[in-house]
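Novice: Below is the file coords35.pdb, with PDB, C-alpha atoms and all ligand atoms.
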```
ATOM      1  CA  MET A   1       2.177 -69.149  -8.767  1.00  0.00           C
ATOM      2  CA  PRO A   2       0.893 -66.263  -6.615  1.00  0.00           C
ATOM      3  CA  THR A   3       4.242 -66.323  -4.805  1.00  0.00           C
ATOM      4  CA  LEU A   4       6.090 -65.811  -8.102  1.00  0.00           C
ATOM      5  CA  VAL A   5       3.824 -62.908  -9.050  1.00  0.00           C
ATOM      6  CA  ILE A   6       4.291 -61.299  -5.634  1.00  0.00           C
ATOM      7  CA  SER A   7       8.055 -61.776  -5.882  1.00  0.00           C
ATOM      8  CA  ILE A   8       8.191 -60.181  -9.320  1.00  0.00           C
ATOM      9  CA  LEU A   9       6.042 -57.269  -8.128  1.00  0.00           C
ATOM     10  CA  ALA A  10       8.320 -56.825  -5.095  1.00  0.00           C
ATOM     11  CA  VAL A  11      11.411 -56.712  -7.318  1.00  0.00           C
ATOM     12  CA  VAL A  12       9.791 -54.240  -9.725  1.00  0.00           C
ATOM     13  CA  PHE A  13       8.626 -52.085  -6.798  1.00  0.00           C
ATOM     14  CA  THR A  14      12.089 -52.163  -5.200  1.00  0.00           C
ATOM     15  CA  LEU A  15      13.784 -51.277  -8.487  1.00  0.00           C
ATOM     16  CA  PHE A  16      11.370 -48.448  -9.238  1.00  0.00           C
ATOM     17  CA  CYS A  17      11.676 -46.878  -5.765  1.00  0.00           C
ATOM     18  CA  GLY A  18      15.419 -47.531  -5.553  1.00  0.00           C
ATOM     19  CA  TRP A  19      16.094 -46.109  -9.013  1.00  0.00           C
ATOM     20  CA  THR A  20      14.040 -42.979  -8.298  1.00  0.00           C
ATOM     21  CA  LEU A  21      15.637 -42.464  -4.880  1.00  0.00           C
ATOM     22  CA  VAL A  22      19.202 -43.004  -6.123  1.00  0.00           C
ATOM     23  CA  GLU A  23      18.722 -40.592  -9.037  1.00  0.00           C
ATOM     24  CA  LYS A  24      17.429 -37.931  -6.624  1.00  0.00           C
ATOM     25  CA  THR A  25      20.751 -38.138  -4.777  1.00  0.00           C
ATOM     26  CA  GLY A  26      22.481 -37.273  -8.044  1.00  0.00           C
ATOM     27  CA  ASN A  27      23.907 -40.773  -8.601  1.00  0.00           C
ATOM     28  CA  SER A  28      23.221 -43.070 -11.537  1.00  0.00           C
ATOM     29  CA  GLY A  29      20.034 -45.093 -11.181  1.00  0.00           C
ATOM     30  CA  TRP A  30      21.957 -48.222 -12.156  1.00  0.00           C
ATOM     31  CA  ILE A  31      23.368 -48.314  -8.606  1.00  0.00           C
ATOM     32  CA  SER A  32      19.878 -49.305  -7.465  1.00  0.00           C
ATOM     33  CA  LEU A  33      20.415 -52.758  -8.987  1.00  0.00           C
ATOM     34  CA  LEU A  34      22.783 -53.408  -6.071  1.00  0.00           C
ATOM     35  CA  PHE A  35      19.789 -53.230  -3.713  1.00  0.00           C
ATOM     36  CA  LEU A  36      18.709 -56.600  -5.106  1.00  0.00           C
ATOM     37  CA  ILE A  37      21.909 -58.374  -4.003  1.00  0.00           C
ATOM     38  CA  PRO A  38      21.745 -59.674  -0.417  1.00  0.00           C
ATOM     39  CA  ILE A  39      24.503 -58.430   1.934  1.00  0.00           C
ATOM     40  CA  VAL A  40      25.778 -56.064  -0.787  1.00  0.00           C
ATOM     41  CA  ASN A  41      22.606 -54.000  -0.344  1.00  0.00           C
ATOM     42  CA  ILE A  42      23.565 -53.341   3.294  1.00  0.00           C
ATOM     43  CA  PHE A  43      26.787 -51.693   2.158  1.00  0.00           C
ATOM     44  CA  VAL A  44      24.944 -49.723  -0.512  1.00  0.00           C
ATOM     45  CA  TRP A  45      22.621 -48.364   2.199  1.00  0.00           C
ATOM     46  CA  LEU A  46      25.645 -47.449   4.345  1.00  0.00           C
ATOM     47  CA  TYR A  47      27.252 -45.734   1.356  1.00  0.00           C
ATOM     48  CA  PHE A  48      24.165 -43.561   0.890  1.00  0.00           C
ATOM     49  CA  VAL A  49      23.881 -42.822   4.612  1.00  0.00           C
ATOM     50  CA  PHE A  50      27.496 -41.759   5.135  1.00  0.00           C
ATOM     51  CA  SER A  51      28.667 -40.359   1.778  1.00  0.00           C
ATOM     52  CA  GLU A  52      28.109 -36.828   0.542  1.00  0.00           C
ATOM     53  CA  TRP A  53      25.643 -37.100  -2.334  1.00  0.00           C
ATOM     54  CA  PRO A  54      26.377 -35.375  -5.661  1.00  0.00           C
ATOM     55  CA  VAL A  55      23.429 -33.019  -5.078  1.00  0.00           C
ATOM     56  CA  GLU A  56      24.889 -32.082  -1.675  1.00  0.00           C
ATOM     57  CA  GLN A  57      28.310 -31.478  -3.277  1.00  0.00           C
ATOM     58  CA  GLU A  58      26.669 -29.277  -5.882  1.00  0.00           C
ATOM     59  CA  LEU A  59      24.820 -27.344  -3.153  1.00  0.00           C
ATOM     60  CA  SER A  60      28.094 -26.901  -1.225  1.00  0.00           C
ATOM     61  CA  ARG A  61      29.788 -25.524  -4.340  1.00  0.00           C
ATOM     62  CA  TYR A  62      26.843 -23.206  -4.930  1.00  0.00           C
ATOM     63  CA  LYS A  63      26.902 -21.942  -1.324  1.00  0.00           C
ATOM     64  CA  ALA A  64      30.685 -21.457  -1.442  1.00  0.00           C
ATOM     65  CA  ARG A  65      30.290 -19.389  -4.588  1.00  0.00           C
ATOM     66  CA  TYR A  66      27.079 -17.443  -3.930  1.00  0.00           C
ATOM     67  CA  GLY A  67      26.461 -17.809  -0.195  1.00  0.00           C
ATOM     68  CA  GLU A  68      23.369 -19.229   1.480  1.00  0.00           C
ATOM     69  CA  LEU A  69      20.254 -19.568  -0.607  1.00  0.00           C
ATOM     70  CA  GLU A  70      17.945 -16.650  -0.048  1.00  0.00           C
ATOM     71  CA  MET A  71      14.378 -17.402  -0.977  1.00  0.00           C
ATOM     72  CA  GLU A  72      13.410 -13.730  -0.600  1.00  0.00           C
ATOM     73  CA  ASN A  73      15.515 -12.881  -3.630  1.00  0.00           C
ATOM     74  CA  LYS A  74      13.841 -15.560  -5.691  1.00  0.00           C
ATOM     75  CA  PHE A  75      10.423 -14.042  -4.952  1.00  0.00           C
ATOM     76  CA  ASP A  76      11.756 -10.710  -6.191  1.00  0.00           C
ATOM     77  CA  ASP A  77      12.649 -12.208  -9.558  1.00  0.00           C
ATOM     78  CA  VAL A  78       9.858 -10.974 -11.810  1.00  0.00           C
ATOM     79  CA  SER A  79      11.725 -11.432 -15.090  1.00  0.00           C
ATOM     80  CA  MET A  80       9.320 -14.158 -16.240  1.00  0.00           C
ATOM     81  CA  ASP A  81       5.568 -14.758 -16.118  1.00  0.00           C
ATOM     82  CA  SER A  82       4.434 -16.510 -12.944  1.00  0.00           C
ATOM     83  CA  THR A  83       1.194 -17.935 -11.597  1.00  0.00           C
ATOM     84  CA  CYS A  84      -0.882 -16.360  -8.822  1.00  0.00           C
ATOM     85  CA  LEU A  85      -1.082 -18.783  -5.925  1.00  0.00           C
ATOM     86  CA  ARG A  86      -4.494 -17.447  -4.897  1.00  0.00           C
ATOM     87  CA  CYS A  87      -6.487 -17.320  -8.150  1.00  0.00           C
ATOM     88  CA  ARG A  88      -4.124 -19.103 -10.589  1.00  0.00           C
ATOM     89  CA  ALA A  89      -4.136 -16.148 -12.997  1.00  0.00           C
ATOM     90  CA  VAL A  90      -0.945 -15.352 -14.895  1.00  0.00           C
ATOM     91  CA  ILE A  91       1.151 -12.616 -13.297  1.00  0.00           C
ATOM     92  CA  ALA A  92       2.898 -10.864 -16.165  1.00  0.00           C
ATOM     93  CA  ALA A  93       6.672 -10.506 -16.197  1.00  0.00           C
ATOM     94  CA  GLY A  94       7.747  -7.297 -14.503  1.00  0.00           C
ATOM     95  CA  SER A  95       4.911  -7.355 -11.957  1.00  0.00           C
ATOM     96  CA  SER A  96       5.086  -8.892  -8.494  1.00  0.00           C
ATOM     97  CA  ALA A  97       1.343  -8.634  -7.804  1.00  0.00           C
ATOM     98  CA  CYS A  98      -1.635 -10.359  -9.412  1.00  0.00           C
ATOM     99  CA  ALA A  99      -3.696  -7.968 -11.569  1.00  0.00           C
ATOM    100  CA  SER A 100      -6.848 -10.035 -10.914  1.00  0.00           C
ATOM    101  CA  CYS A 101      -6.887 -10.376  -7.139  1.00  0.00           C
ATOM    102  CA  GLY A 102      -4.001  -8.259  -5.861  1.00  0.00           C
ATOM    103  CA  TRP A 103      -2.105 -11.165  -4.297  1.00  0.00           C
ATOM    104  CA  SER A 104       1.652 -10.719  -4.157  1.00  0.00           C
ATOM    105  CA  TYR A 105       4.603 -12.913  -3.348  1.00  0.00           C
ATOM    106  CA  LYS A 106       5.668 -10.107  -1.064  1.00  0.00           C
ATOM    107  CA  GLY A 107       2.455 -10.414   0.948  1.00  0.00           C
ATOM    108  CA  ASP A 108      -0.561  -8.169   1.170  1.00  0.00           C
ATOM    109  CA  VAL A 109      -0.428  -4.602   2.427  1.00  0.00           C
ATOM    110  CA  ASP A 110      -0.026  -5.813   6.022  1.00  0.00           C
ATOM    111  CA  GLY A 111       2.849  -8.048   4.941  1.00  0.00           C
ATOM    112  CA  ALA A 112       1.015 -11.313   5.558  1.00  0.00           C
ATOM    113  CA  VAL A 113       1.286 -13.949   2.844  1.00  0.00           C
ATOM    114  CA  ARG A 114      -2.076 -15.697   2.618  1.00  0.00           C
TER     115      ARG A 114
HETATM  116 ZN    ZN B   1      -4.650 -13.639  -8.247  1.00  0.00          ZN
END
```
Could you quickly redo this structure as structure tokens?
Specialist:
Amino acid sequence: MPTLVISILAVVFTLFCGWTLVEKTGNSGWISLLFLIPIVNIFVWLYFVFSEWPVEQELSRYKARYGELEMENKFDDVSMDSTCLRCRAVIAAGSSACASCGWSYKGDVDGAVR
């Protein structure tokens, strides 16, 4: 009986992790069911190792269209409210510095981000 329970838990664990992992690649989670089939699962692993994932294809299209991602530009986007990473206060839209503690995504006066 304990063996059956352990087996069921192992299958549930494998399905949960496999489903989550496969969906993060941009594929349908249903593919994770193939991990439960002996021998077939080896080829599924190889498919994920050597194929270009949908999320990678999307990133390639994005880079081809807009160029490399530039995180600096994202920090400059102050069109919406954001949260101060130092004191957790709300930084109002239009401002890049926290009104409570002075922290900024752009760094302090000396340019250091703390
Ligand atoms: Zn703050």
Novice: Would you kindly return, as a list in words, each protein, DNA or RNA residue with an atom no farther than 7 Å from any atom of Ser96 in chain A, considering all atoms listed in the file and excluding same-chain residues fewer than 3 positions away?
Specialist: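 Neighbouring residues, sequence-local ones excluded: Val78, Ser104 and Tyr105 of chain A.
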Novice: List the neighbours of Leu33 in chain A out to 7 Å using all atoms listed in the file; skip same-chain residues closer than 3 positions along the sequence, and give me the result as a PyMOL selection string.
Specialist: chain A and resi 15+30+36
Novice: What residues have any atom no more than 9 Å from ligand ZN 1 (chain B) when counting only C-alpha atoms and all ligand atoms, and can you list them as an MDAnalysis selection string?
Specialist: chainID A and resid 83:91 97:104
Novice: So what do you get for CA of Ser7 in chain A versus CA of Leu21 in chain A, distance-wise?
Specialist: 20.8 Å
Novice: Rank nothing, just name the residue among A:Phe35, A:Gly26, A:Val40, A:Leu69 nearest to Gln57 in chain A, using only C-alpha atoms.
Specialist: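 Answer, going by the shortest atom-to-atom distance: A:Gly26.
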Novice: Compute the distance from (17.0, -47.0, -10.3) to each atom, counting only C-alpha atoms, keep the residues with any atom at most 10 Å away, and return them as an NGL selection string; use the coordinates of the file.
Specialist: :A and (14-24 or 27-35)
Novice: Give me, as a PyMOL selection string, all polymer residues having an atom no more than 7 Å from Ala93 in chain A, counting only C-alpha atoms and skipping those fewer than 3 positions away in the same chain.
Specialist: chain A and resi 78-81
Novice: How far is it from CA of Lys63 in chain A to CA of Val44 in chain A, in Å with one decimal?
Specialist: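 If I compute the distance from CA of Lys63 in chain A to CA of Val44 in chain A, I get 27.9 Å.
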Novice: CA of Asn41 in chain A and CA of Val11 in chain A, how far apart in Å?
Specialist: 13.5 Å
